[in-house]
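Okay, so here's the structure we're looking at.
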Amino acid sequence: MKRAPAIVVVGIHGHGAGHLRHVLELQDHGRTRLAATVDLQPPEVETGAPHWETLRRCLEAVDADVVIIATPIATHLELATTALSGGCDVLLEKPPTASMEDYHRLQMTADRSGRLVQVGFQALGSTAVPWLRRALAAEMIGSVRAVGIEGCWSRPISYWRRARWAGRRSLDGRDVVDGVLTNPFAHAFASALTILGCGRSDAVGPITLDQYRVNDIQADDTSTARIQNRAGVPITAALTLCAGSEAPPLITFYGDQGAVVLAYTEDRARQLDAHGNTVAAIEYGRRDLLCNLLSARRGEEELLVPLESVSGFMVLLETVRLAPDPRPIAPELVTWRDEPTADGLDRAPVLRDAAEWVHRCASTGQTFREAGAPWATAGGSSLRCFS
């Protein structure tokens with residue numbers, strides 16, 4: 001029998017807890033073996049595997065084939081470099097690094113090592129991605145003229161207090177870049193760029209940013225961004241984490257003969273005719289990125305999200321990293337809602353008419369300032385275009 005690949009999970013709390021459970025489930029079916037866990041805090045459940053506080057010490061003591069990294073963004077380069085230098089393939093959570101310079105350094109390390117790096121843009125594992133690429137190329141909705149991304153989520157104050165790096169542009173002299181554009185809705189940008197065939201950096205052109213914040217954070221929680229690209233199809237995203245209610249984020253591809261609306265978190269799409277009527281509704285499956293990485297190790301498949309395929313998204317992240325601080329939104333435009341929790345009450349901001357402005361901007365290709373959103377019209381301009 002072939003030996004099950006030995007996996008180390010780095011970062012086992014928060015989002016990383018899901019990776020740990022997944023590896024243990026695959027282990028129950030004989031497909032993997034949990035070699036070790038790595039975190040400053042020990043696991044909350046019995047794993048049957050040794051635990052280490054540093055990956056370097058772990059790899060000195062444990063034979064491993066794959067390292068899963070689900071840690072703060074600023075630690076990704078160091079940990080991934082350690083794993084690759086130790087002869088391991090890597091599943092690296094998104095964003096892969098906190099700067100373009102670090103991204104290029106990681107790419108060079110991966111190339112020299114000959115190992116695989118899969119980036120954890122799980123939405124790119126959806127079968128909707130290749131299907132839509134083929135359908136749009138075949139002009140299912142005519143010539144694609146624009147893409148709109150709209151995201152309305154609600155995050156309470158505790159979301160920004162869950163970790164020292166949350167909502168930070170930098171921390172302790174290191175880039176973090178944790179804002180609405182680069183982390184919560186990162187999947188939307190990566191998916192839109194990939195579907196258009198513009199996933200790499202040489203296909204991404206000027207980017208216009210219009211960034212704001214309701215919360216007392218460094219980064220943005222309410223922003224618009226417009227990305228030009230080689231396909232000649234502008235991508236405009238309007239996003240907030242301060243909505244009154246949540247809805248599945250949408251990517252809409254507008255053609256001259258209709259549109260396709262992809263709810264990427266649900267792997268569902270609707271095809272609309274030129275009058276906006278639904279003519280087809282489609283459900284897709286989703287490939288697991290870890291299982292795909294294991295298959296790629298055996299030479300059976302290509303990686304779904306190789307490191308080099310997301311350089312276009314990194315252009316956006318780098319643009320946000322170098323941009324000025326987001327502008328605060330006037331308090332009179334915000335109300336606060338109490339949310340019961342197991343420990344008492346949490347509070348969440350509600351930005352006035354946020355959903356309406358998000359939809360308007362995503363569907364028209366305008367930024368908040370261009371559309372006249374009330375939080376964007378007071379004071380000096382926040383609108384900046386970066387080439």
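Each chain in the structure tokens gets a letter, A, B, ..., in the order shown, and its residues are numbered from 1; ligands are numbered from 1 in order too.
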Using DSSP on the backbone coordinates, identify all residues within stretch 330-386 of chain A classified as strand (DSSP E); present the result as a PDB file with all heavy atoms, in the first residue's frame.
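The new file states_7.pdb reads:
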```pdb
ATOM      1  N   VAL A 334     -24.175  56.564  10.498  1.00  0.00           N
ATOM      2  CA  VAL A 334     -24.061  55.203  11.028  1.00  0.00           C
ATOM      3  C   VAL A 334     -24.918  55.049  12.264  1.00  0.00           C
ATOM      4  O   VAL A 334     -24.946  55.923  13.137  1.00  0.00           O
ATOM      5  CB  VAL A 334     -22.593  54.875  11.377  1.00  0.00           C
ATOM      6  CG1 VAL A 334     -22.461  53.438  11.880  1.00  0.00           C
ATOM      7  CG2 VAL A 334     -21.675  55.109  10.172  1.00  0.00           C
ATOM      8  N   THR A 335     -25.646  53.931  12.335  1.00  0.00           N
ATOM      9  CA  THR A 335     -26.305  53.530  13.577  1.00  0.00           C
ATOM     10  C   THR A 335     -25.651  52.240  14.054  1.00  0.00           C
ATOM     11  O   THR A 335     -24.976  51.544  13.288  1.00  0.00           O
ATOM     12  CB  THR A 335     -27.815  53.306  13.372  1.00  0.00           C
ATOM     13  OG1 THR A 335     -28.011  52.312  12.348  1.00  0.00           O
ATOM     14  CG2 THR A 335     -28.499  54.594  12.953  1.00  0.00           C
ATOM     15  N   TRP A 336     -25.854  51.931  15.338  1.00  0.00           N
ATOM     16  CA  TRP A 336     -25.209  50.745  15.907  1.00  0.00           C
ATOM     17  C   TRP A 336     -26.280  49.786  16.417  1.00  0.00           C
ATOM     18  O   TRP A 336     -27.222  50.192  17.094  1.00  0.00           O
ATOM     19  CB  TRP A 336     -24.258  51.135  17.030  1.00  0.00           C
ATOM     20  CG  TRP A 336     -23.051  51.860  16.494  1.00  0.00           C
ATOM     21  CD1 TRP A 336     -22.952  53.192  16.214  1.00  0.00           C
ATOM     22  CD2 TRP A 336     -21.812  51.275  16.144  1.00  0.00           C
ATOM     23  NE1 TRP A 336     -21.712  53.478  15.716  1.00  0.00           N
ATOM     24  CE2 TRP A 336     -20.977  52.320  15.659  1.00  0.00           C
ATOM     25  CE3 TRP A 336     -21.298  49.976  16.191  1.00  0.00           C
ATOM     26  CZ2 TRP A 336     -19.674  52.099  15.227  1.00  0.00           C
ATOM     27  CZ3 TRP A 336     -19.998  49.746  15.770  1.00  0.00           C
ATOM     28  CH2 TRP A 336     -19.198  50.796  15.289  1.00  0.00           C
ATOM     29  N   ARG A 337     -26.105  48.530  16.071  1.00  0.00           N
ATOM     30  CA  ARG A 337     -27.080  47.487  16.409  1.00  0.00           C
ATOM     31  C   ARG A 337     -26.464  46.538  17.435  1.00  0.00           C
ATOM     32  O   ARG A 337     -25.338  46.076  17.281  1.00  0.00           O
ATOM     33  CB  ARG A 337     -27.451  46.716  15.141  1.00  0.00           C
ATOM     34  CG  ARG A 337     -28.448  45.581  15.342  1.00  0.00           C
ATOM     35  CD  ARG A 337     -28.700  44.883  14.017  1.00  0.00           C
ATOM     36  NE  ARG A 337     -27.479  44.262  13.501  1.00  0.00           N
ATOM     37  CZ  ARG A 337     -27.122  44.238  12.217  1.00  0.00           C
ATOM     38  NH1 ARG A 337     -27.887  44.833  11.313  1.00  0.00           N
ATOM     39  NH2 ARG A 337     -26.013  43.648  11.832  1.00  0.00           N
ATOM     40  N   ASP A 338     -27.219  46.246  18.494  1.00  0.00           N
ATOM     41  CA  ASP A 338     -26.767  45.268  19.488  1.00  0.00           C
ATOM     42  C   ASP A 338     -26.973  43.859  18.957  1.00  0.00           C
ATOM     43  O   ASP A 338     -28.010  43.555  18.357  1.00  0.00           O
ATOM     44  CB  ASP A 338     -27.530  45.437  20.796  1.00  0.00           C
ATOM     45  CG  ASP A 338     -27.151  46.712  21.530  1.00  0.00           C
ATOM     46  OD1 ASP A 338     -26.027  47.204  21.318  1.00  0.00           O
ATOM     47  OD2 ASP A 338     -27.992  47.214  22.308  1.00  0.00           O
ATOM     48  N   GLU A 339     -25.984  43.020  19.184  1.00  0.00           N
ATOM     49  CA  GLU A 339     -26.063  41.624  18.766  1.00  0.00           C
ATOM     50  C   GLU A 339     -25.761  40.727  19.959  1.00  0.00           C
ATOM     51  O   GLU A 339     -24.658  40.786  20.524  1.00  0.00           O
ATOM     52  CB  GLU A 339     -25.081  41.334  17.631  1.00  0.00           C
ATOM     53  CG  GLU A 339     -25.416  42.045  16.335  1.00  0.00           C
ATOM     54  CD  GLU A 339     -24.554  41.558  15.174  1.00  0.00           C
ATOM     55  OE1 GLU A 339     -23.608  40.777  15.414  1.00  0.00           O
ATOM     56  OE2 GLU A 339     -24.845  41.946  14.029  1.00  0.00           O
ATOM     57  N   PRO A 340     -26.716  39.887  20.369  1.00  0.00           N
ATOM     58  CA  PRO A 340     -26.468  38.988  21.500  1.00  0.00           C
ATOM     59  C   PRO A 340     -25.366  37.980  21.182  1.00  0.00           C
ATOM     60  O   PRO A 340     -25.264  37.476  20.063  1.00  0.00           O
ATOM     61  CB  PRO A 340     -27.818  38.277  21.696  1.00  0.00           C
ATOM     62  CG  PRO A 340     -28.819  39.131  20.977  1.00  0.00           C
ATOM     63  CD  PRO A 340     -28.083  39.764  19.842  1.00  0.00           C
ATOM     64  N   THR A 341     -24.529  37.703  22.158  1.00  0.00           N
ATOM     65  CA  THR A 341     -23.488  36.687  22.029  1.00  0.00           C
ATOM     66  C   THR A 341     -23.515  35.815  23.275  1.00  0.00           C
ATOM     67  O   THR A 341     -24.228  36.094  24.237  1.00  0.00           O
ATOM     68  CB  THR A 341     -22.091  37.322  21.890  1.00  0.00           C
ATOM     69  OG1 THR A 341     -21.742  37.955  23.136  1.00  0.00           O
ATOM     70  CG2 THR A 341     -22.066  38.364  20.782  1.00  0.00           C
ATOM     71  N   GLY A 344     -22.488  37.948  26.186  1.00  0.00           N
ATOM     72  CA  GLY A 344     -23.170  39.203  26.450  1.00  0.00           C
ATOM     73  C   GLY A 344     -23.667  39.847  25.178  1.00  0.00           C
ATOM     74  O   GLY A 344     -24.388  39.215  24.399  1.00  0.00           O
ATOM     75  N   LEU A 345     -23.272  41.102  24.936  1.00  0.00           N
ATOM     76  CA  LEU A 345     -23.704  41.821  23.755  1.00  0.00           C
ATOM     77  C   LEU A 345     -22.507  42.274  22.927  1.00  0.00           C
ATOM     78  O   LEU A 345     -21.489  42.689  23.463  1.00  0.00           O
ATOM     79  CB  LEU A 345     -24.532  43.061  24.139  1.00  0.00           C
ATOM     80  CG  LEU A 345     -25.979  42.844  24.570  1.00  0.00           C
ATOM     81  CD1 LEU A 345     -26.607  44.177  24.947  1.00  0.00           C
ATOM     82  CD2 LEU A 345     -26.788  42.166  23.469  1.00  0.00           C
ATOM     83  N   ASP A 346     -22.653  42.159  21.629  1.00  0.00           N
ATOM     84  CA  ASP A 346     -21.702  42.736  20.693  1.00  0.00           C
ATOM     85  C   ASP A 346     -22.429  43.869  19.968  1.00  0.00           C
ATOM     86  O   ASP A 346     -23.656  43.983  20.049  1.00  0.00           O
ATOM     87  CB  ASP A 346     -21.232  41.668  19.699  1.00  0.00           C
ATOM     88  CG  ASP A 346     -19.862  41.978  19.124  1.00  0.00           C
ATOM     89  OD1 ASP A 346     -19.391  43.126  19.286  1.00  0.00           O
ATOM     90  OD2 ASP A 346     -19.261  41.079  18.514  1.00  0.00           O
ATOM     91  N   ARG A 347     -21.698  44.704  19.254  1.00  0.00           N
ATOM     92  CA  ARG A 347     -22.314  45.800  18.515  1.00  0.00           C
ATOM     93  C   ARG A 347     -21.803  45.790  17.089  1.00  0.00           C
ATOM     94  O   ARG A 347     -20.623  45.523  16.833  1.00  0.00           O
ATOM     95  CB  ARG A 347     -22.005  47.149  19.169  1.00  0.00           C
ATOM     96  CG  ARG A 347     -22.470  47.258  20.606  1.00  0.00           C
ATOM     97  CD  ARG A 347     -22.264  48.667  21.132  1.00  0.00           C
ATOM     98  NE  ARG A 347     -23.270  49.578  20.581  1.00  0.00           N
ATOM     99  CZ  ARG A 347     -23.043  50.859  20.336  1.00  0.00           C
ATOM    100  NH1 ARG A 347     -21.847  51.379  20.537  1.00  0.00           N
ATOM    101  NH2 ARG A 347     -24.008  51.634  19.864  1.00  0.00           N
ATOM    102  N   ALA A 348     -22.718  46.080  16.164  1.00  0.00           N
ATOM    103  CA  ALA A 348     -22.365  46.100  14.743  1.00  0.00           C
ATOM    104  C   ALA A 348     -22.821  47.409  14.134  1.00  0.00           C
ATOM    105  O   ALA A 348     -23.943  47.868  14.375  1.00  0.00           O
ATOM    106  CB  ALA A 348     -23.016  44.932  14.014  1.00  0.00           C
ATOM    107  N   PRO A 349     -21.970  48.037  13.314  1.00  0.00           N
ATOM    108  CA  PRO A 349     -22.372  49.284  12.661  1.00  0.00           C
ATOM    109  C   PRO A 349     -23.271  49.024  11.465  1.00  0.00           C
ATOM    110  O   PRO A 349     -23.115  48.023  10.748  1.00  0.00           O
ATOM    111  CB  PRO A 349     -21.035  49.883  12.218  1.00  0.00           C
ATOM    112  CG  PRO A 349     -20.161  48.695  11.982  1.00  0.00           C
ATOM    113  CD  PRO A 349     -20.587  47.661  12.993  1.00  0.00           C
ATOM    114  N   VAL A 350     -24.207  49.919  11.237  1.00  0.00           N
ATOM    115  CA  VAL A 350     -25.090  49.857  10.072  1.00  0.00           C
ATOM    116  C   VAL A 350     -24.948  51.176   9.323  1.00  0.00           C
ATOM    117  O   VAL A 350     -25.367  52.227   9.812  1.00  0.00           O
ATOM    118  CB  VAL A 350     -26.559  49.621  10.480  1.00  0.00           C
ATOM    119  CG1 VAL A 350     -27.453  49.601   9.240  1.00  0.00           C
ATOM    120  CG2 VAL A 350     -26.699  48.320  11.262  1.00  0.00           C
ATOM    121  N   LEU A 351     -24.348  51.113   8.158  1.00  0.00           N
ATOM    122  CA  LEU A 351     -24.150  52.303   7.335  1.00  0.00           C
ATOM    123  C   LEU A 351     -25.426  52.591   6.556  1.00  0.00           C
ATOM    124  O   LEU A 351     -25.957  51.708   5.863  1.00  0.00           O
ATOM    125  CB  LEU A 351     -22.974  52.074   6.387  1.00  0.00           C
ATOM    126  CG  LEU A 351     -22.620  53.206   5.426  1.00  0.00           C
ATOM    127  CD1 LEU A 351     -22.300  54.493   6.173  1.00  0.00           C
ATOM    128  CD2 LEU A 351     -21.446  52.776   4.552  1.00  0.00           C
ATOM    129  N   ARG A 384      -8.610  57.845  -6.139  1.00  0.00           N
ATOM    130  CA  ARG A 384      -7.261  57.842  -6.676  1.00  0.00           C
ATOM    131  C   ARG A 384      -7.106  56.710  -7.681  1.00  0.00           C
ATOM    132  O   ARG A 384      -7.577  55.606  -7.434  1.00  0.00           O
ATOM    133  CB  ARG A 384      -6.232  57.706  -5.563  1.00  0.00           C
ATOM    134  CG  ARG A 384      -6.195  58.913  -4.607  1.00  0.00           C
ATOM    135  CD  ARG A 384      -5.272  58.662  -3.448  1.00  0.00           C
ATOM    136  NE  ARG A 384      -5.132  59.844  -2.617  1.00  0.00           N
ATOM    137  CZ  ARG A 384      -5.945  60.158  -1.621  1.00  0.00           C
ATOM    138  NH1 ARG A 384      -6.970  59.370  -1.337  1.00  0.00           N
ATOM    139  NH2 ARG A 384      -5.764  61.237  -0.902  1.00  0.00           N
ATOM    140  N   CYS A 385      -6.436  57.017  -8.778  1.00  0.00           N
ATOM    141  CA  CYS A 385      -6.166  56.017  -9.807  1.00  0.00           C
ATOM    142  C   CYS A 385      -4.688  55.697  -9.798  1.00  0.00           C
ATOM    143  O   CYS A 385      -3.854  56.598  -9.771  1.00  0.00           O
ATOM    144  CB  CYS A 385      -6.599  56.528 -11.193  1.00  0.00           C
ATOM    145  SG  CYS A 385      -6.360  55.305 -12.494  1.00  0.00           S
ATOM    146  N   PHE A 386      -4.356  54.404  -9.794  1.00  0.00           N
ATOM    147  CA  PHE A 386      -2.975  53.953  -9.732  1.00  0.00           C
ATOM    148  C   PHE A 386      -2.678  53.147 -10.999  1.00  0.00           C
ATOM    149  O   PHE A 386      -3.429  52.228 -11.360  1.00  0.00           O
ATOM    150  CB  PHE A 386      -2.753  53.078  -8.507  1.00  0.00           C
ATOM    151  CG  PHE A 386      -3.059  53.782  -7.212  1.00  0.00           C
ATOM    152  CD1 PHE A 386      -4.358  53.862  -6.742  1.00  0.00           C
ATOM    153  CD2 PHE A 386      -2.053  54.361  -6.473  1.00  0.00           C
ATOM    154  CE1 PHE A 386      -4.663  54.509  -5.561  1.00  0.00           C
ATOM    155  CE2 PHE A 386      -2.328  55.013  -5.285  1.00  0.00           C
ATOM    156  CZ  PHE A 386      -3.631  55.082  -4.826  1.00  0.00           C
TER     157      PHE A 386
END
```
May I have a table of the residues of stretch 133-203 of chain A lying at most 12 Å from stretch 295-307 of chain A, giving each one's closest pair of atoms and their distance in Å to one decimal, counting only C-alpha atoms, ordered by chain and ascending residue number, as CSV?
```
residue,atom,partner,partner_atom,distance
A:His187,CA,A:Val305,CA,11.7
A:Ala190,CA,A:Val305,CA,10.0
A:Ser191,CA,A:Val305,CA,10.7
A:Thr194,CA,A:Val305,CA,10.0
A:Gly199,CA,A:Val305,CA,10.2
A:Arg200,CA,A:Leu307,CA,10.1
A:Ser201,CA,A:Leu307,CA,11.9
```
Surrounding residues of stretch 308-321 of chain A excluding itself and chain neighbours under 6 positions, 10 Å, only C-alpha atoms, as number ranges by chain: A: 94-101, 103-104, 107, 110, 117-119, 121, 169-170, 175-179, 181-183, 186-187, 189-194, 198-209, 211, 219-220, 225-227, 229, 385-387
For the selection you just gave me, I'd like the residues written to a file as an mmCIF file, in the first residue's frame, keeping C-alpha atoms.
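Saved result, part_23.cif, follows:
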```cif
data_model
loop_
_atom_site.group_PDB
_atom_site.id
_atom_site.type_symbol
_atom_site.label_atom_id
_atom_site.label_comp_id
_atom_site.auth_asym_id
_atom_site.auth_seq_id
_atom_site.Cartn_x
_atom_site.Cartn_y
_atom_site.Cartn_z
ATOM 1 C CA LYS A 94 -5.066 33.774 0.810
ATOM 2 C CA PRO A 95 -3.742 36.369 0.336
ATOM 3 C CA PRO A 96 -0.444 34.551 -0.282
ATOM 4 C CA THR A 97 1.696 37.456 0.963
ATOM 5 C CA ALA A 98 1.274 41.007 2.214
ATOM 6 C CA SER A 99 3.223 42.697 -0.594
ATOM 7 C CA MET A 100 4.203 42.162 -4.207
ATOM 8 C CA GLU A 101 7.875 42.070 -3.228
ATOM 9 C CA TYR A 103 5.107 37.480 -3.466
ATOM 10 C CA HIS A 104 7.992 37.539 -5.946
ATOM 11 C CA GLN A 107 7.609 32.581 -6.200
ATOM 12 C CA ALA A 110 8.978 27.854 -4.951
ATOM 13 C CA VAL A 117 2.211 25.953 -3.812
ATOM 14 C CA GLN A 118 -1.572 25.994 -3.911
ATOM 15 C CA VAL A 119 -3.193 29.275 -2.808
ATOM 16 C CA PHE A 121 -8.752 30.826 -3.002
ATOM 17 C CA ARG A 169 -2.546 48.029 7.336
ATOM 18 C CA SER A 170 0.664 47.239 9.197
ATOM 19 C CA ASP A 175 2.676 44.900 6.202
ATOM 20 C CA VAL A 176 -0.689 43.302 6.959
ATOM 21 C CA VAL A 177 -3.154 44.837 4.448
ATOM 22 C CA ASP A 178 -6.266 43.371 6.076
ATOM 23 C CA GLY A 179 -9.206 45.327 4.686
ATOM 24 C CA LEU A 181 -10.863 44.714 -0.544
ATOM 25 C CA THR A 182 -8.003 42.327 0.206
ATOM 26 C CA ASN A 183 -9.357 39.755 2.643
ATOM 27 C CA ALA A 186 -10.676 38.616 -2.005
ATOM 28 C CA HIS A 187 -12.344 35.563 -3.565
ATOM 29 C CA PHE A 189 -11.651 39.631 -7.277
ATOM 30 C CA ALA A 190 -9.667 36.444 -7.869
ATOM 31 C CA SER A 191 -12.702 34.740 -9.416
ATOM 32 C CA ALA A 192 -13.618 37.647 -11.695
ATOM 33 C CA LEU A 193 -10.054 38.055 -12.946
ATOM 34 C CA THR A 194 -9.648 34.321 -13.548
ATOM 35 C CA CYS A 198 -6.808 38.078 -16.516
ATOM 36 C CA GLY A 199 -5.533 36.307 -13.429
ATOM 37 C CA ARG A 200 -1.884 37.214 -13.946
ATOM 38 C CA SER A 201 -0.249 40.542 -13.234
ATOM 39 C CA ASP A 202 0.605 41.367 -16.850
ATOM 40 C CA ALA A 203 -3.135 41.365 -17.634
ATOM 41 C CA VAL A 204 -4.075 43.929 -14.970
ATOM 42 C CA GLY A 205 -3.979 47.637 -15.769
ATOM 43 C CA PRO A 206 -4.763 50.824 -13.826
ATOM 44 C CA ILE A 207 -6.768 50.507 -10.605
ATOM 45 C CA THR A 208 -9.010 53.206 -9.147
ATOM 46 C CA LEU A 209 -9.576 53.067 -5.387
ATOM 47 C CA GLN A 211 -11.718 53.639 0.343
ATOM 48 C CA ALA A 219 -7.846 49.564 6.927
ATOM 49 C CA ASP A 220 -11.032 49.960 4.895
ATOM 50 C CA ALA A 225 -12.351 49.598 -6.639
ATOM 51 C CA ARG A 226 -12.275 49.617 -10.433
ATOM 52 C CA ILE A 227 -9.763 47.410 -12.237
ATOM 53 C CA ASN A 229 -7.422 44.796 -17.624
ATOM 54 C CA CYS A 385 -6.166 56.017 -9.807
ATOM 55 C CA PHE A 386 -2.975 53.953 -9.732
ATOM 56 C CA SER A 387 -1.206 52.759 -12.883
#
```
Residues of stretch 203-301 of chain A that approach stretch 56-66 of chain A to 10 Å or less, counting only C-alpha atoms: could you list each one with the shortest pair of atoms and its distance in Å to one decimal, rows by chain and increasing residue number, as a tab-separated table?
```
residue	atom	partner	partner_atom	distance
A:Leu290	CA	A:Val66	CA	9.4
A:Leu293	CA	A:Val66	CA	9.0
A:Leu294	CA	A:Val66	CA	8.5
A:Arg297	CA	A:Asp65	CA	9.5
```
Store the residues picked out above in a file with N, CA, C and O atoms, as a JSON list (two decimals), in the first residue's frame.
```
[["chain", "number", "residue", "atom", "x", "y", "z"],
["A", 290, "LEU", "N", -7.20, 21.02, -1.11],
["A", 290, "LEU", "CA", -6.22, 20.09, -0.54],
["A", 290, "LEU", "C", -6.19, 18.79, -1.34],
["A", 290, "LEU", "O", -5.12, 18.28, -1.68],
["A", 293, "LEU", "N", -4.41, 19.34, -4.49],
["A", 293, "LEU", "CA", -2.97, 19.39, -4.27],
["A", 293, "LEU", "C", -2.39, 17.98, -4.13],
["A", 293, "LEU", "O", -1.33, 17.68, -4.70],
["A", 294, "LEU", "N", -3.07, 17.13, -3.41],
["A", 294, "LEU", "CA", -2.59, 15.76, -3.25],
["A", 294, "LEU", "C", -2.57, 15.02, -4.58],
["A", 294, "LEU", "O", -1.65, 14.25, -4.87],
["A", 297, "ARG", "N", 0.36, 16.24, -6.60],
["A", 297, "ARG", "CA", 1.61, 15.63, -6.13],
["A", 297, "ARG", "C", 1.85, 14.29, -6.80],
["A", 297, "ARG", "O", 2.99, 13.90, -7.06]]
```
Residue nearest A:Ala243 among A:Ala354, A:Gly142, A:Asp256, A:Arg174 (counting only C-alpha atoms):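 For A:Ala243, the nearest of the given residues is A:Ala354.
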Computed interatomic separation between atom CA of A:Ala323 and atom CA of A:Leu241 (Å): 19.7 Å
Among the residues A:Arg268, A:His51, A:Lys2, A:Arg230, the one that comes closest to A:Gly285 [using only C-alpha atoms]: A:Arg268
Å distance separating atom CA of A:Thr109 from atom CA of A:Leu92, one decimal place: 14.0 Å
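The spacing separating atom CA of A:Leu196 from atom CA of A:Cys152 amounts to 23.1 Å.
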Closest of A:Val90, A:Ile12, A:Ile73, A:Ala281 to A:Arg164 - atom-to-atom distances counting only C-alpha atoms: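 Distance minimum relative to A:Arg164 lands on A:Ile73.
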Could you give me, as a PDB file with N, CA, C and O atoms, in the first residue's frame, the residues within 10 Å of A:Leu20, counting only C-alpha atoms and dropping anything in the same chain fewer than 4 positions from it?
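Generated file (part12.pdb):
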```
ATOM      1  N   ILE A   7       0.828  15.340   6.712  1.00  0.00           N
ATOM      2  CA  ILE A   7       0.455  16.747   6.626  1.00  0.00           C
ATOM      3  C   ILE A   7       0.667  17.438   7.963  1.00  0.00           C
ATOM      4  O   ILE A   7       0.307  16.907   9.017  1.00  0.00           O
ATOM      5  N   VAL A   8       1.245  18.624   7.892  1.00  0.00           N
ATOM      6  CA  VAL A   8       1.390  19.498   9.049  1.00  0.00           C
ATOM      7  C   VAL A   8       0.437  20.677   8.861  1.00  0.00           C
ATOM      8  O   VAL A   8       0.415  21.301   7.793  1.00  0.00           O
ATOM      9  N   VAL A   9      -0.346  20.982   9.876  1.00  0.00           N
ATOM     10  CA  VAL A   9      -1.245  22.135   9.835  1.00  0.00           C
ATOM     11  C   VAL A   9      -0.670  23.217  10.733  1.00  0.00           C
ATOM     12  O   VAL A   9      -0.465  23.005  11.930  1.00  0.00           O
ATOM     13  N   VAL A  10      -0.408  24.394  10.143  1.00  0.00           N
ATOM     14  CA  VAL A  10       0.149  25.532  10.876  1.00  0.00           C
ATOM     15  C   VAL A  10      -0.939  26.581  11.031  1.00  0.00           C
ATOM     16  O   VAL A  10      -1.455  27.104  10.041  1.00  0.00           O
ATOM     17  N   GLY A  11      -1.283  26.873  12.271  1.00  0.00           N
ATOM     18  CA  GLY A  11      -2.417  27.759  12.548  1.00  0.00           C
ATOM     19  C   GLY A  11      -3.667  26.924  12.691  1.00  0.00           C
ATOM     20  O   GLY A  11      -4.349  26.638  11.709  1.00  0.00           O
ATOM     21  N   ILE A  12      -3.979  26.503  13.900  1.00  0.00           N
ATOM     22  CA  ILE A  12      -5.031  25.499  14.098  1.00  0.00           C
ATOM     23  C   ILE A  12      -6.252  26.057  14.815  1.00  0.00           C
ATOM     24  O   ILE A  12      -7.162  25.305  15.161  1.00  0.00           O
ATOM     25  N   HIS A  13      -6.281  27.361  15.031  1.00  0.00           N
ATOM     26  CA  HIS A  13      -7.435  28.002  15.651  1.00  0.00           C
ATOM     27  C   HIS A  13      -8.068  28.955  14.645  1.00  0.00           C
ATOM     28  O   HIS A  13      -7.479  29.293  13.628  1.00  0.00           O
ATOM     29  N   HIS A  15      -9.836  30.165  11.529  1.00  0.00           N
ATOM     30  CA  HIS A  15     -10.025  29.541  10.220  1.00  0.00           C
ATOM     31  C   HIS A  15      -9.230  28.246  10.097  1.00  0.00           C
ATOM     32  O   HIS A  15      -9.666  27.292   9.447  1.00  0.00           O
ATOM     33  N   GLY A  16      -8.068  28.199  10.724  1.00  0.00           N
ATOM     34  CA  GLY A  16      -7.235  27.006  10.632  1.00  0.00           C
ATOM     35  C   GLY A  16      -7.855  25.774  11.251  1.00  0.00           C
ATOM     36  O   GLY A  16      -7.495  24.638  10.888  1.00  0.00           O
ATOM     37  N   LEU A  24      -8.146  15.605   9.477  1.00  0.00           N
ATOM     38  CA  LEU A  24      -8.518  14.460  10.313  1.00  0.00           C
ATOM     39  C   LEU A  24      -9.609  13.616   9.638  1.00  0.00           C
ATOM     40  O   LEU A  24      -9.601  12.378   9.749  1.00  0.00           O
ATOM     41  N   GLU A  25     -10.527  14.263   8.936  1.00  0.00           N
ATOM     42  CA  GLU A  25     -11.554  13.513   8.207  1.00  0.00           C
ATOM     43  C   GLU A  25     -10.925  12.686   7.084  1.00  0.00           C
ATOM     44  O   GLU A  25     -11.292  11.513   6.882  1.00  0.00           O
ATOM     45  N   LEU A  34      -2.124  13.046   9.697  1.00  0.00           N
ATOM     46  CA  LEU A  34      -1.740  14.265  10.384  1.00  0.00           C
ATOM     47  C   LEU A  34      -0.402  14.027  11.064  1.00  0.00           C
ATOM     48  O   LEU A  34      -0.305  13.284  12.045  1.00  0.00           O
ATOM     49  N   THR A  37       0.829  19.380  14.424  1.00  0.00           N
ATOM     50  CA  THR A  37       0.197  20.702  14.398  1.00  0.00           C
ATOM     51  C   THR A  37       1.211  21.722  14.903  1.00  0.00           C
ATOM     52  O   THR A  37       2.097  21.391  15.703  1.00  0.00           O
ATOM     53  N   PRO A  43      -3.686  22.506  20.491  1.00  0.00           N
ATOM     54  CA  PRO A  43      -5.015  22.212  19.948  1.00  0.00           C
ATOM     55  C   PRO A  43      -6.050  22.050  21.055  1.00  0.00           C
ATOM     56  O   PRO A  43      -5.728  21.646  22.176  1.00  0.00           O
ATOM     57  N   THR A  47      -5.648  15.233  18.837  1.00  0.00           N
ATOM     58  CA  THR A  47      -5.385  14.947  17.428  1.00  0.00           C
ATOM     59  C   THR A  47      -4.576  13.679  17.215  1.00  0.00           C
ATOM     60  O   THR A  47      -4.527  13.160  16.095  1.00  0.00           O
ATOM     61  N   ILE A  68       0.075  22.907   5.510  1.00  0.00           N
ATOM     62  CA  ILE A  68      -1.052  23.828   5.341  1.00  0.00           C
ATOM     63  C   ILE A  68      -0.803  25.028   6.245  1.00  0.00           C
ATOM     64  O   ILE A  68      -0.566  24.868   7.448  1.00  0.00           O
ATOM     65  N   ALA A  70      -2.352  28.468   7.691  1.00  0.00           N
ATOM     66  CA  ALA A  70      -3.558  29.279   7.916  1.00  0.00           C
ATOM     67  C   ALA A  70      -3.285  30.226   9.072  1.00  0.00           C
ATOM     68  O   ALA A  70      -3.897  30.139  10.134  1.00  0.00           O
TER      69      ALA A  70
END
```
DSSP-assigned alpha helix (DSSP H) members of stretch 118-296 of chain A, reported as a PyMOL selection string: chain A and resi 128-137+157-161+186-195+289-296
